[in-house]
>>> print(open('final-v4.pdb').read())   # PDB, C-alpha atoms and all ligand atoms
ATOM      1  CA  MET A   1      -2.226   5.738  16.580
ATOM      2  CA  LYS A   2      -3.032   2.804  14.382
ATOM      3  CA  SER A   3      -1.210  -0.468  14.785
ATOM      4  CA  THR A   4       1.086  -1.836  12.124
ATOM      5  CA  ARG A   5      -1.463  -4.563  11.489
ATOM      6  CA  GLU A   6      -4.220  -2.027  10.866
ATOM      7  CA  GLU A   7      -1.934  -0.098   8.538
ATOM      8  CA  ALA A   8      -1.136  -3.275   6.625
ATOM      9  CA  LEU A   9      -4.850  -3.983   6.214
ATOM     10  CA  ILE A  10      -5.433  -0.518   4.756
ATOM     11  CA  LEU A  11      -2.512  -0.859   2.364
ATOM     12  CA  ASP A  12      -3.713  -4.312   1.336
ATOM     13  CA  GLN A  13      -7.198  -2.961   0.648
ATOM     14  CA  ALA A  14      -5.825  -0.035  -1.331
ATOM     15  CA  ASP A  15      -3.705  -2.439  -3.377
ATOM     16  CA  GLN A  16      -6.764  -4.563  -4.150
ATOM     17  CA  GLU A  17      -8.803  -1.519  -5.179
ATOM     18  CA  ILE A  18      -6.081  -0.333  -7.551
ATOM     19  CA  LYS A  19      -5.872  -3.795  -9.102
ATOM     20  CA  GLN A  20      -9.627  -3.968  -9.565
ATOM     21  CA  HIS A  21     -10.515  -0.363 -10.342
ATOM     22  CA  GLY A  22      -7.217   1.235 -11.296
ATOM     23  CA  LYS A  23      -7.440   3.642  -8.393
ATOM     24  CA  THR A  24      -8.263   3.916  -4.724
ATOM     25  CA  ASN A  25      -9.707   6.575  -2.498
ATOM     26  CA  LEU A  26      -7.752   5.241   0.456
ATOM     27  CA  LYS A  27      -4.852   7.245   1.801
ATOM     28  CA  CYS A  28      -1.777   6.395   3.798
ATOM     29  CA  PRO A  29      -2.941   5.665   7.375
ATOM     30  CA  ARG A  30       0.028   7.546   8.809
ATOM     31  CA  CYS A  31       0.380  10.697   6.741
ATOM     32  CA  GLY A  32      -2.691  10.769   4.493
ATOM     33  CA  GLY A  33      -0.554  10.691   1.343
ATOM     34  CA  GLY A  34      -0.814   8.660  -1.808
ATOM     35  CA  PHE A  35       0.644   5.292  -2.736
ATOM     36  CA  ALA A  36       3.114   3.933  -5.271
ATOM     37  CA  TYR A  37       4.471   0.587  -6.461
ATOM     38  CA  ASP A  38       7.990  -0.746  -6.693
ATOM     39  CA  GLY A  39       9.013  -4.082  -8.125
ATOM     40  CA  ASN A  40       7.491  -6.397 -10.709
ATOM     41  CA  ASP A  41       4.304  -8.410 -11.177
ATOM     42  CA  THR A  42       5.245 -11.209  -8.815
ATOM     43  CA  THR A  43       7.187  -9.486  -6.062
ATOM     44  CA  TYR A  44       6.484  -5.898  -5.310
ATOM     45  CA  THR A  45       6.235  -3.342  -2.586
ATOM     46  CA  PHE A  46       3.167  -1.184  -2.308
ATOM     47  CA  HIS A  47       4.153   1.856  -0.322
ATOM     48  CA  CYS A  48       3.388   5.390   0.754
ATOM     49  CA  VAL A  49       4.919   8.079  -1.451
ATOM     50  CA  ILE A  50       6.773   9.368   1.600
ATOM     51  CA  PRO A  51      10.067   7.478   2.007
ATOM     52  CA  GLY A  52      10.176   5.503   5.256
ATOM     53  CA  CYS A  53       6.435   5.746   5.857
ATOM     54  CA  THR A  54       4.120   2.749   5.459
ATOM     55  CA  SER A  55       4.796  -0.118   3.071
ATOM     56  CA  ILE A  56       3.732  -3.685   2.440
ATOM     57  CA  THR A  57       5.587  -6.267   0.374
ATOM     58  CA  PHE A  58       3.848  -8.932  -1.692
ATOM     59  CA  ARG A  59       5.669 -11.997  -2.931
ATOM     60  CA  GLY A  60       4.444 -14.176  -5.739
ATOM     61  CA  LEU A  61       4.460 -17.942  -5.782
TER      62      LEU A  61
HETATM   63 ZN    ZN B 101       2.549   7.904   4.564
END
>>> encode(input="final-v4.pdb", output="structure tokens")
Amino acid sequence: MKSTREEALILDQADQEIKQHGKTNLKCPRCGGGFAYDGNDTTYTFHCVIPGCTSITFRGL
């Protein structure tokens, strides 16, 4: 089982790839599902499509 830190790194990388390329080939480290965004440009949560699975929150300056 992957650690929370490892999961966060994968989500962070997927977020970066979507920002740069508009898509990512990475999948949720827990369930292998896709990702979605909630929030706005400055503060948002990048999360697995499965409720309660992995998520990472980014806060703007
Ligand atoms: Zn998941």
>>> resolve_selection(input="final-v4.pdb", expression="the PyMOL selection byres (((not hetatm)) within 6 of (chain B and resi 101))", output="PyMOL selection string")
chain A and resi 28+30-33+48+50+53-54
>>> closest_residue(input="final-v4.pdb", among="A:Leu26, A:Ile56, A:Leu61, A:Ile18", to="Thr42 of chain A", atoms="all atoms listed in the file")
A:Leu61
>>> resolve_selection(input="final-v4.pdb", expression="the PyMOL selection byres (((chain A and resi 43) around 10) and not hetatm)", output="NGL selection string")
:A and (38-42 or 44-46 or 57-61)
>>> axis_aligned_box(input="final-v4.pdb", around="segment 40-51 of chain A", padding_each_side="6 Å", output="AutoDock Vina command-line options")
--center_x 6.6 --center_y -0.9 --center_z -4.6 --size_x 18.9 --size_y 32.6 --size_z 25.2
>>> residues_around(input="final-v4.pdb", residues="segment 12-15 of chain A", least_positions_apart="4", cutoff="7 Å", atoms="only C-alpha atoms", output="list in words")
Ala8, Lys19, Thr24 and Leu26 of chain A
>>> decode(input="final-v4.pdb", residues="segment 9-52 of chain A", atoms="N, CA and C atoms", output="compact mmCIF listing (two decimals), in the first residue's frame")
# COMPACT_ATOMS: atom_id res chain seq x y z
N LEU A 9 2.23 12.87 -4.04
CA LEU A 9 3.18 13.14 -5.11
C LEU A 9 2.58 12.78 -6.47
N ILE A 10 1.85 11.68 -6.53
CA ILE A 10 1.23 11.27 -7.79
C ILE A 10 0.14 12.25 -8.19
N LEU A 11 -0.67 12.66 -7.23
CA LEU A 11 -1.71 13.64 -7.53
C LEU A 11 -1.11 14.96 -7.98
N ASP A 12 -0.03 15.37 -7.31
CA ASP A 12 0.63 16.62 -7.67
C ASP A 12 1.17 16.54 -9.10
N GLN A 13 1.75 15.41 -9.45
CA GLN A 13 2.30 15.24 -10.80
C GLN A 13 1.18 15.24 -11.84
N ALA A 14 0.09 14.57 -11.52
CA ALA A 14 -1.05 14.53 -12.44
C ALA A 14 -1.61 15.94 -12.65
N ASP A 15 -1.68 16.70 -11.57
CA ASP A 15 -2.16 18.08 -11.65
C ASP A 15 -1.26 18.90 -12.56
N GLN A 16 0.04 18.75 -12.41
CA GLN A 16 0.99 19.49 -13.25
C GLN A 16 0.83 19.10 -14.72
N GLU A 17 0.66 17.82 -14.98
CA GLU A 17 0.53 17.35 -16.37
C GLU A 17 -0.74 17.91 -17.01
N ILE A 18 -1.82 17.96 -16.25
CA ILE A 18 -3.07 18.51 -16.80
C ILE A 18 -2.91 19.99 -17.09
N LYS A 19 -2.22 20.70 -16.20
CA LYS A 19 -1.98 22.13 -16.43
C LYS A 19 -1.15 22.36 -17.68
N GLN A 20 -0.15 21.52 -17.89
CA GLN A 20 0.78 21.71 -18.99
C GLN A 20 0.28 21.12 -20.30
N HIS A 21 -0.38 19.98 -20.22
CA HIS A 21 -0.75 19.25 -21.44
C HIS A 21 -2.26 19.09 -21.62
N GLY A 22 -3.02 19.48 -20.60
CA GLY A 22 -4.46 19.35 -20.68
C GLY A 22 -4.97 17.95 -20.38
N LYS A 23 -4.05 17.06 -20.06
CA LYS A 23 -4.46 15.70 -19.72
C LYS A 23 -3.32 15.01 -18.99
N THR A 24 -3.62 13.88 -18.43
CA THR A 24 -2.58 13.07 -17.78
C THR A 24 -2.90 11.60 -17.98
N ASN A 25 -1.85 10.81 -18.04
CA ASN A 25 -2.04 9.37 -18.13
C ASN A 25 -2.01 8.72 -16.75
N LEU A 26 -1.74 9.54 -15.74
CA LEU A 26 -1.69 9.01 -14.38
C LEU A 26 -3.10 8.69 -13.88
N LYS A 27 -3.16 7.71 -13.01
CA LYS A 27 -4.44 7.31 -12.43
C LYS A 27 -4.36 7.40 -10.92
N CYS A 28 -5.50 7.41 -10.29
CA CYS A 28 -5.56 7.42 -8.84
C CYS A 28 -4.72 6.26 -8.28
N PRO A 29 -3.79 6.58 -7.35
CA PRO A 29 -2.93 5.52 -6.79
C PRO A 29 -3.68 4.50 -5.95
N ARG A 30 -4.87 4.83 -5.52
CA ARG A 30 -5.63 3.88 -4.69
C ARG A 30 -6.55 3.00 -5.50
N CYS A 31 -7.32 3.61 -6.43
CA CYS A 31 -8.35 2.83 -7.10
C CYS A 31 -8.15 2.75 -8.61
N GLY A 32 -7.17 3.51 -9.14
CA GLY A 32 -6.92 3.47 -10.57
C GLY A 32 -7.91 4.27 -11.39
N GLY A 33 -8.70 5.11 -10.72
CA GLY A 33 -9.70 5.93 -11.42
C GLY A 33 -9.13 7.24 -11.90
N GLY A 34 -10.01 8.04 -12.47
CA GLY A 34 -9.63 9.34 -12.99
C GLY A 34 -9.66 10.42 -11.93
N PHE A 35 -9.36 11.67 -12.39
CA PHE A 35 -9.30 12.79 -11.47
C PHE A 35 -10.28 13.89 -11.87
N ALA A 36 -10.57 14.78 -10.92
CA ALA A 36 -11.43 15.92 -11.20
C ALA A 36 -11.00 17.08 -10.31
N TYR A 37 -11.45 18.29 -10.70
CA TYR A 37 -11.14 19.49 -9.92
C TYR A 37 -12.39 20.03 -9.25
N ASP A 38 -12.16 20.63 -8.08
CA ASP A 38 -13.19 21.42 -7.42
C ASP A 38 -12.54 22.72 -6.97
N GLY A 39 -13.29 23.81 -7.02
CA GLY A 39 -12.75 25.06 -6.52
C GLY A 39 -12.56 26.08 -7.62
N ASN A 40 -11.61 27.01 -7.39
CA ASN A 40 -11.35 28.06 -8.37
C ASN A 40 -9.86 28.08 -8.71
N ASP A 41 -9.43 29.12 -9.41
CA ASP A 41 -8.05 29.17 -9.89
C ASP A 41 -7.02 29.24 -8.77
N THR A 42 -7.38 29.84 -7.65
CA THR A 42 -6.38 30.06 -6.61
C THR A 42 -6.42 29.01 -5.50
N THR A 43 -7.60 28.53 -5.20
CA THR A 43 -7.72 27.50 -4.16
C THR A 43 -8.60 26.39 -4.71
N TYR A 44 -8.02 25.23 -4.86
CA TYR A 44 -8.80 24.16 -5.43
C TYR A 44 -8.35 22.80 -4.89
N THR A 45 -9.23 21.87 -5.04
CA THR A 45 -8.92 20.49 -4.67
C THR A 45 -8.87 19.66 -5.93
N PHE A 46 -7.80 18.93 -6.06
CA PHE A 46 -7.63 18.00 -7.17
C PHE A 46 -7.84 16.62 -6.56
N HIS A 47 -8.85 15.92 -7.05
CA HIS A 47 -9.23 14.70 -6.34
C HIS A 47 -9.61 13.57 -7.29
N CYS A 48 -9.62 12.37 -6.70
CA CYS A 48 -10.11 11.19 -7.40
C CYS A 48 -11.61 11.34 -7.64
N VAL A 49 -12.10 10.74 -8.72
CA VAL A 49 -13.53 10.83 -9.01
C VAL A 49 -14.37 10.05 -8.00
N ILE A 50 -13.72 9.16 -7.26
CA ILE A 50 -14.45 8.40 -6.25
C ILE A 50 -14.50 9.21 -4.96
N PRO A 51 -15.69 9.53 -4.47
CA PRO A 51 -15.80 10.32 -3.23
C PRO A 51 -15.08 9.62 -2.07
N GLY A 52 -14.28 10.40 -1.32
CA GLY A 52 -13.60 9.86 -0.16
C GLY A 52 -12.30 9.15 -0.47
